[in-house]
Structures are given as C-alpha cells and as structure tokens.
Amino acid sequence: MIPRMSDTTEDEQRPSIRDRRRTAIRTAPRVLARGGWRGTLRERLTELTEAAPDVYDLDEPADIYGDGVVAALERRVAELLGTEAAVFFPTGTMAQQVALRCWAARTGDPAVALHALSHPEVHERHAFSQVSGLRPVTVSREPRPVTAADVHGLDEPVGALMLELPLRDAGFLLPSWEELTGAVDAAREREAVVHFDGARLWEATEHFGRPLEEIAALADSVYVSFYKSLGGLGGAALAGPASLVEEARTWRHRYGGMVFQQFPTALSALAGLDRELPRLPEYVRHARVVAAALREGFAAAGLPWARVHPEVPHTHDFQVWLPFEPEVLAEAAVRQAEETGTLLFSGGWDSRGPGLSFTETGVRAAGLEWTARDVRDAAVDFAGRLG
C-alpha cells in the first residue's frame, strides 16, 4: 500500500543525513575536500569532455578490447613506474588477484603474507581465498606498516608478501624508506616475491622523497588505481615484468575483465596523470598544514579529547578522531555547511566504540584555498556545534 502523507512521519519526510551531505558537498561555497567523483553525471561528463582533447587524439579510432587509448595508458603507466610493461584492469580487486595468482603459479606457493588491515582482508569479501585459490597469511595486526621484524617472524613459508602503500585503514600510513626496504629485503631472504598494493602509491613520493620509479623498483609487481588519487572514473593497472603482464592479460580475460570499450575511463585516467599527479606533493604538504590547524582549533575550542592521525600526515589523506557518536558529528558537519557555507568534514563518521568516532579527510584542489587560520576557525565553529 502506498502511504498517504499523513501516514509518513515528519522524520521520514526529512532528507537523510547522507542526502544533506551530498547537497552540501556540491553547493557549499567552501569545502575542504571536494572530490570530483561526488559530482553529478553532467559535471563528470563535462570534466571529461573538457580534458580529453588535451590528453589524446580524439580523431583516433575508439578502443576495442584494450587497444588504442587503453594501450596508450598502459605505456604511460609503465613509463611512470619504470617497469617493462603494464596492463589495464577495470578494478584493483581483479588486478591484485590476477597478479598474486600468477606469482603463486610461478613460486608454487599460494600463501600471501599481508597486513590484517590491508584492503583484500577488510574490503574484498575474502576474494583471495574464495575466488583465486590464494591463502592469506597475516603478517601483522598492529595499526602500523609492516616491518622487517614482522616478515622475519612469520612461522611458515609464503610465496609472496603484499604491502599496501599507504595502509589506508591504519590512517593512510607509510613506512619510512628504511622500514620499507627492510621489509622487502626480509621477504627476499625468504625467497618470496614482493607485490605493492599501490592504489594510492602516486601520493607517496613526498613522504619518501623519491620518485615513483625508484619506489616501484623495490617490488616485483605494482598495482595502481586511477580514481583514488587521480580523480578518474575508475580502473587500475598492474605493472611489472613483460612476461607477468602478458600472463595477467590472459587471466584478465578469464576473470571477465576484457571489457569491449573503456575509452571514458582511460581518457579520465590520462587526464588525472596530466593534471592531478603533478599536484599531489602540494596536496600532501598542505594536508600537514591543515592537520596542525585542526589540532589547534580543537584545543582552542576546549574539546576534552581529539586526535588527528597521524599528527603529520604521510599522504594528503588522514583520520580525525573525536569523542562523540557518529550521528552527532555528521549532523554538526552538515549543519555547519548549511548555516555558514563551510563544509569542514565531507566524509561520513564511523563508530569505534561507545562515544568515539572517526572520519577520513584530506586535501584536494579546493582545500589549497584554505589557510591555517581558515581551518582553525572552522574547527572551533564545528566544535561549538557538538554541544
């Protein structure tokens, strides 16, 4: 039965907090992290059509099963990462399963050592074991990057070590260069291959103080995403030795990833490599300014407990922890945008215990316009709305 208006409660008639947040992200004059992926279909199509002529010859034939613009994108990625070859995948989940099952066939060992907080363990519904015949082995449960001691401490052989750079669910954390090389060396001593889950590897150059090709050279294979840092429509790439890449193409087909045409995604990825990749170090540096200003604002507001994690961000994303329920924080963030035109926190809030929640935030192009004073004042105003 279709309810009459009188049968619907006032709360049910109100827009949800998610709908209000989406509206605020699109319409608030000042948003700290306004990701382009949150835009309307019209906005996304406009961005693509404006960028495409600058990154590829649009009079060339459209791609068919991975040629044309898709092949050009693969060559660009291999050049940037300094690898022999690269292959496009529609998703990172597929790319990493294919990479690691190929390595498992070569090493004869399906065991993959990875952090308990790594993406395949937390966000992929056990795809490694359920789909690809791989056996995840936990190398660490600590909320920090994997170390050489962790790898040395494994009590069984593994065919591969997968390192997520940065480790998103621990706060977008990166190891030091010495810690990273130590973990890689420890894996080599165990005769294990090394695979980088580099969905956000593009952001790591500022932290490591080294170019992408030097970072990628530590691993036997690397996966990168085209939307998580670069603002593309989707897609990923697996980069590594030419023989591995060719084998991965076969498995991509078997996994259903041989998509007929991918030119919108490939064009958006090329645009991201041209426009966003050069700006990422600037985003990371400004994220450190923003993080410090948030701490100052919360302290000035007299919040009983607040954390920015890590205190000095490793990438342009980081976590903010506050001692309130997520519903309270979400309402305060949206109300601040609706009443002042300033949206400090555009992400959702997750509970991590009674009265404790966190959100992921960071800096994109729009955030570069915010001064430290702007952030501090917005944090004070936000805290005042928590009651």
# chains A, B, ... in the order shown; residues from 1 in each chain; ligands from 1

$ residues_around --residues "A:Gly355" --least-positions-apart "5" --cutoff "8 Å" --atoms "only C-alpha atoms" --output "VMD selection string"
chain A and resid 323 to 325

$ write_last_selection --atoms "C-alpha atoms" --output "mmCIF file, in the first residue's frame"
data_model
loop_
_atom_site.group_PDB
_atom_site.id
_atom_site.type_symbol
_atom_site.label_atom_id
_atom_site.label_comp_id
_atom_site.auth_asym_id
_atom_site.auth_seq_id
_atom_site.Cartn_x
_atom_site.Cartn_y
_atom_site.Cartn_z
ATOM 1 C CA PRO A 323 34.705 11.613 21.408
ATOM 2 C CA PHE A 324 31.133 11.704 20.073
ATOM 3 C CA GLU A 325 28.685 9.356 18.411
#

$ closest_atom_pairs --of "stretch 141-201 of chain A" --to "stretch 209-229 of chain A" --cutoff "9 Å" --atoms "only C-alpha atoms" --output "CSV"
residue,atom,partner,partner_atom,distance
A:Trp177,CA,A:Gly209,CA,8.8
A:Leu180,CA,A:Leu218,CA,8.8
A:Thr181,CA,A:Leu218,CA,7.3
A:Val184,CA,A:Leu218,CA,7.1
A:Val193,CA,A:Asp220,CA,6.2
A:Val194,CA,A:Ala219,CA,5.1
A:His195,CA,A:Ser221,CA,4.9
A:Phe196,CA,A:Val222,CA,4.7
A:Asp197,CA,A:Tyr223,CA,5.4
A:Gly198,CA,A:Val224,CA,4.9
A:Ala199,CA,A:Val224,CA,4.3
A:Arg200,CA,A:Ser229,CA,5.9
A:Leu201,CA,A:Val224,CA,6.7

$ write_last_selection --atoms "C-alpha atoms" --output "tab-separated table (two decimals), in the first residue's frame"
chain	number	residue	atom	x	y	z
A	177	TRP	CA	62.20	4.33	3.41
A	180	LEU	CA	60.17	-0.33	3.52
A	181	THR	CA	63.48	-1.55	2.14
A	184	VAL	CA	61.37	-6.01	1.13
A	193	VAL	CA	58.14	-12.16	-4.29
A	194	VAL	CA	57.02	-8.67	-3.30
A	195	HIS	CA	53.83	-7.06	-4.60
A	196	PHE	CA	52.84	-3.47	-3.82
A	197	ASP	CA	49.17	-2.63	-3.34
A	198	GLY	CA	49.84	0.88	-4.58
A	199	ALA	CA	46.29	2.09	-5.08
A	200	ARG	CA	47.48	5.43	-3.68
A	201	LEU	CA	51.18	5.00	-4.46

$ closest_residue --among "A:Ala293, A:Ala237, A:Val122, A:Leu114" --to "A:Val137" --atoms "only C-alpha atoms"
A:Leu114

$ atom_distance --atom1 "atom CA of A:Ser176" --atom2 "atom CA of A:Glu206"
11.6 Å

$ atom_distance --atom1 "atom CA of A:Ala271" --atom2 "atom CA of A:Gln96"
23.7 Å

$ closest_residue --among "A:Leu45, A:Val312, A:Ala105, A:Ala78" --to "A:Leu294" --atoms "only C-alpha atoms"
A:Val312

$ residues_around --residues "A:Glu191" --least-positions-apart "2" --cutoff "12 Å" --atoms "only C-alpha atoms" --output "PyMOL selection string"
chain A and resi 107-109+151-152+157-161+184-189+193-194

$ atom_distance --atom1 "atom CA of A:Phe263" --atom2 "atom CA of A:Ala62"
6.8 Å

$ select_by_dssp --residues "stretch 309-385 of chain A" --states "helix (DSSP H, G or I)" --output "PyMOL selection string"
chain A and resi 326-340+365-369+372-384

$ write_last_selection --atoms "C-alpha atoms" --output "PDB file, in the first residue's frame"
ATOM      1  CA  PRO A 326      28.800   9.409  14.595  1.00  0.00           C
ATOM      2  CA  GLU A 327      25.255  10.772  14.297  1.00  0.00           C
ATOM      3  CA  VAL A 328      26.179  13.821  16.379  1.00  0.00           C
ATOM      4  CA  LEU A 329      29.286  14.542  14.329  1.00  0.00           C
ATOM      5  CA  ALA A 330      27.554  14.023  10.990  1.00  0.00           C
ATOM      6  CA  GLU A 331      24.739  16.389  11.943  1.00  0.00           C
ATOM      7  CA  ALA A 332      27.182  19.055  13.140  1.00  0.00           C
ATOM      8  CA  ALA A 333      29.201  18.866   9.920  1.00  0.00           C
ATOM      9  CA  VAL A 334      26.181  19.189   7.650  1.00  0.00           C
ATOM     10  CA  ARG A 335      24.577  21.898   9.763  1.00  0.00           C
ATOM     11  CA  GLN A 336      27.798  23.915   9.645  1.00  0.00           C
ATOM     12  CA  ALA A 337      27.696  23.779   5.843  1.00  0.00           C
ATOM     13  CA  GLU A 338      24.009  24.650   5.659  1.00  0.00           C
ATOM     14  CA  GLU A 339      24.304  27.600   8.040  1.00  0.00           C
ATOM     15  CA  THR A 340      27.735  29.017   7.173  1.00  0.00           C
ATOM     16  CA  ALA A 365      42.395  21.209  -5.087  1.00  0.00           C
ATOM     17  CA  ALA A 366      39.674  23.139  -3.251  1.00  0.00           C
ATOM     18  CA  GLY A 367      41.491  22.642   0.052  1.00  0.00           C
ATOM     19  CA  LEU A 368      44.532  24.545  -1.158  1.00  0.00           C
ATOM     20  CA  GLU A 369      42.474  27.730  -0.830  1.00  0.00           C
ATOM     21  CA  ALA A 372      45.657  27.583   8.503  1.00  0.00           C
ATOM     22  CA  ARG A 373      43.510  30.300  10.061  1.00  0.00           C
ATOM     23  CA  ASP A 374      40.522  29.250   7.954  1.00  0.00           C
ATOM     24  CA  VAL A 375      40.870  25.670   9.149  1.00  0.00           C
ATOM     25  CA  ARG A 376      41.368  26.672  12.776  1.00  0.00           C
ATOM     26  CA  ASP A 377      38.284  28.923  12.777  1.00  0.00           C
ATOM     27  CA  ALA A 378      36.163  26.261  11.074  1.00  0.00           C
ATOM     28  CA  ALA A 379      37.285  23.672  13.648  1.00  0.00           C
ATOM     29  CA  VAL A 380      36.333  25.973  16.515  1.00  0.00           C
ATOM     30  CA  ASP A 381      32.911  26.609  14.944  1.00  0.00           C
ATOM     31  CA  PHE A 382      32.385  22.898  14.324  1.00  0.00           C
ATOM     32  CA  ALA A 383      33.286  22.001  17.903  1.00  0.00           C
ATOM     33  CA  GLY A 384      30.814  24.586  19.152  1.00  0.00           C
TER      34      GLY A 384
END

$ residues_around --residues "A:Ser243" --least-positions-apart "6" --cutoff "12 Å" --atoms "only C-alpha atoms" --output "PyMOL selection string"
chain A and resi 83-87+99+102-103+106+220-221+249-250

$ write_last_selection --atoms "all heavy atoms" --output "mmCIF file, in the first residue's frame"
data_model
loop_
_atom_site.group_PDB
_atom_site.id
_atom_site.type_symbol
_atom_site.label_atom_id
_atom_site.label_comp_id
_atom_site.auth_asym_id
_atom_site.auth_seq_id
_atom_site.Cartn_x
_atom_site.Cartn_y
_atom_site.Cartn_z
ATOM 1 N N THR A 83 58.652 0.266 -15.183
ATOM 2 C CA THR A 83 58.540 -1.181 -15.363
ATOM 3 C C THR A 83 58.561 -1.528 -16.850
ATOM 4 O O THR A 83 58.376 -0.664 -17.716
ATOM 5 C CB THR A 83 57.246 -1.713 -14.734
ATOM 6 O OG1 THR A 83 56.116 -1.083 -15.365
ATOM 7 C CG2 THR A 83 57.212 -1.420 -13.249
ATOM 8 N N GLU A 84 58.744 -2.814 -17.136
ATOM 9 C CA GLU A 84 58.783 -3.249 -18.527
ATOM 10 C C GLU A 84 57.434 -3.069 -19.214
ATOM 11 O O GLU A 84 57.378 -2.756 -20.416
ATOM 12 C CB GLU A 84 59.206 -4.720 -18.611
ATOM 13 C CG GLU A 84 60.660 -4.967 -18.252
ATOM 14 C CD GLU A 84 61.056 -6.424 -18.402
ATOM 15 O OE1 GLU A 84 60.165 -7.280 -18.632
ATOM 16 O OE2 GLU A 84 62.257 -6.705 -18.282
ATOM 17 N N ALA A 85 56.365 -3.283 -18.483
ATOM 18 C CA ALA A 85 55.038 -3.228 -19.102
ATOM 19 C C ALA A 85 53.979 -2.983 -18.037
ATOM 20 O O ALA A 85 54.257 -3.030 -16.827
ATOM 21 C CB ALA A 85 54.745 -4.538 -19.846
ATOM 22 N N ALA A 86 52.767 -2.715 -18.492
ATOM 23 C CA ALA A 86 51.621 -2.546 -17.597
ATOM 24 C C ALA A 86 50.373 -2.975 -18.348
ATOM 25 O O ALA A 86 50.317 -2.925 -19.582
ATOM 26 C CB ALA A 86 51.486 -1.102 -17.128
ATOM 27 N N VAL A 87 49.365 -3.412 -17.600
ATOM 28 C CA VAL A 87 48.116 -3.851 -18.196
ATOM 29 C C VAL A 87 46.950 -3.223 -17.444
ATOM 30 O O VAL A 87 46.943 -3.169 -16.206
ATOM 31 C CB VAL A 87 48.003 -5.396 -18.208
ATOM 32 C CG1 VAL A 87 48.200 -5.981 -16.823
ATOM 33 C CG2 VAL A 87 46.661 -5.852 -18.785
ATOM 34 N N ALA A 99 47.466 -10.764 -10.287
ATOM 35 C CA ALA A 99 48.910 -10.670 -10.055
ATOM 36 C C ALA A 99 49.380 -11.761 -9.107
ATOM 37 O O ALA A 99 50.366 -12.468 -9.379
ATOM 38 C CB ALA A 99 49.260 -9.294 -9.488
ATOM 39 N N CYS A 102 49.170 -15.343 -10.424
ATOM 40 C CA CYS A 102 50.266 -15.580 -11.370
ATOM 41 C C CYS A 102 51.566 -15.855 -10.622
ATOM 42 O O CYS A 102 52.317 -16.782 -10.971
ATOM 43 C CB CYS A 102 50.428 -14.385 -12.300
ATOM 44 S SG CYS A 102 49.119 -14.190 -13.530
ATOM 45 N N TRP A 103 51.842 -15.079 -9.598
ATOM 46 C CA TRP A 103 53.053 -15.317 -8.807
ATOM 47 C C TRP A 103 52.963 -16.667 -8.093
ATOM 48 O O TRP A 103 53.968 -17.383 -7.990
ATOM 49 C CB TRP A 103 53.258 -14.197 -7.786
ATOM 50 C CG TRP A 103 53.760 -12.913 -8.362
ATOM 51 C CD1 TRP A 103 53.192 -11.682 -8.231
ATOM 52 C CD2 TRP A 103 54.946 -12.719 -9.144
ATOM 53 N NE1 TRP A 103 53.934 -10.727 -8.880
ATOM 54 C CE2 TRP A 103 55.031 -11.339 -9.443
ATOM 55 C CE3 TRP A 103 55.949 -13.566 -9.614
ATOM 56 C CZ2 TRP A 103 56.065 -10.796 -10.194
ATOM 57 C CZ3 TRP A 103 56.986 -13.031 -10.370
ATOM 58 C CH2 TRP A 103 57.044 -11.665 -10.659
ATOM 59 N N ARG A 106 53.988 -19.396 -10.255
ATOM 60 C CA ARG A 106 55.439 -19.412 -10.523
ATOM 61 C C ARG A 106 56.234 -19.902 -9.327
ATOM 62 O O ARG A 106 57.245 -20.586 -9.482
ATOM 63 C CB ARG A 106 55.899 -18.004 -10.929
ATOM 64 C CG ARG A 106 55.305 -17.532 -12.242
ATOM 65 C CD ARG A 106 55.781 -16.144 -12.621
ATOM 66 N NE ARG A 106 55.192 -15.726 -13.895
ATOM 67 C CZ ARG A 106 55.759 -14.886 -14.740
ATOM 68 N NH1 ARG A 106 56.938 -14.361 -14.457
ATOM 69 N NH2 ARG A 106 55.162 -14.563 -15.868
ATOM 70 N N ASP A 220 58.332 -6.628 -7.136
ATOM 71 C CA ASP A 220 58.267 -7.436 -8.354
ATOM 72 C C ASP A 220 57.075 -7.039 -9.216
ATOM 73 O O ASP A 220 57.107 -7.202 -10.433
ATOM 74 C CB ASP A 220 58.169 -8.917 -7.978
ATOM 75 C CG ASP A 220 59.415 -9.404 -7.251
ATOM 76 O OD1 ASP A 220 60.450 -9.575 -7.902
ATOM 77 O OD2 ASP A 220 59.338 -9.587 -6.019
ATOM 78 N N SER A 221 56.022 -6.543 -8.591
ATOM 79 C CA SER A 221 54.854 -6.049 -9.321
ATOM 80 C C SER A 221 54.169 -4.982 -8.487
ATOM 81 O O SER A 221 54.295 -4.952 -7.251
ATOM 82 C CB SER A 221 53.878 -7.183 -9.650
ATOM 83 O OG SER A 221 53.431 -7.837 -8.476
ATOM 84 N N ARG A 249 47.219 -10.600 -18.740
ATOM 85 C CA ARG A 249 46.214 -10.315 -19.762
ATOM 86 C C ARG A 249 45.317 -11.541 -19.988
ATOM 87 O O ARG A 249 44.098 -11.418 -20.165
ATOM 88 C CB ARG A 249 46.878 -9.917 -21.073
ATOM 89 C CG ARG A 249 47.572 -8.572 -21.048
ATOM 90 C CD ARG A 249 48.124 -8.203 -22.422
ATOM 91 N NE ARG A 249 48.981 -7.037 -22.323
ATOM 92 C CZ ARG A 249 48.546 -5.778 -22.292
ATOM 93 N NH1 ARG A 249 47.238 -5.546 -22.378
ATOM 94 N NH2 ARG A 249 49.395 -4.773 -22.199
ATOM 95 N N THR A 250 45.934 -12.709 -19.999
ATOM 96 C CA THR A 250 45.153 -13.935 -20.173
ATOM 97 C C THR A 250 44.172 -14.111 -19.027
ATOM 98 O O THR A 250 42.982 -14.414 -19.238
ATOM 99 C CB THR A 250 46.094 -15.148 -20.259
ATOM 100 O OG1 THR A 250 46.948 -15.005 -21.390
ATOM 101 C CG2 THR A 250 45.307 -16.442 -20.368
#

$ closest_residue --among "A:Ala52, A:Leu41, A:Leu134, A:Leu80" --to "A:Gly240" --atoms "only C-alpha atoms"
A:Leu80

$ closest_residue --among "A:Ala72, A:Ala51, A:Val98, A:Ile17" --to "A:Gly256" --atoms "only C-alpha atoms"
A:Val98

$ select_by_dssp --residues "stretch 154-190 of chain A" --states "strand (DSSP E or B)" --output "list of chain:residue names"
A:Ala160, A:Leu161, A:Met162, A:Leu163, A:Glu164, A:Leu167, A:Leu173

$ closest_residue --among "A:Val363, A:Leu277, A:Val69, A:Ala170" --to "A:His316" --atoms "only C-alpha atoms"
A:Val363
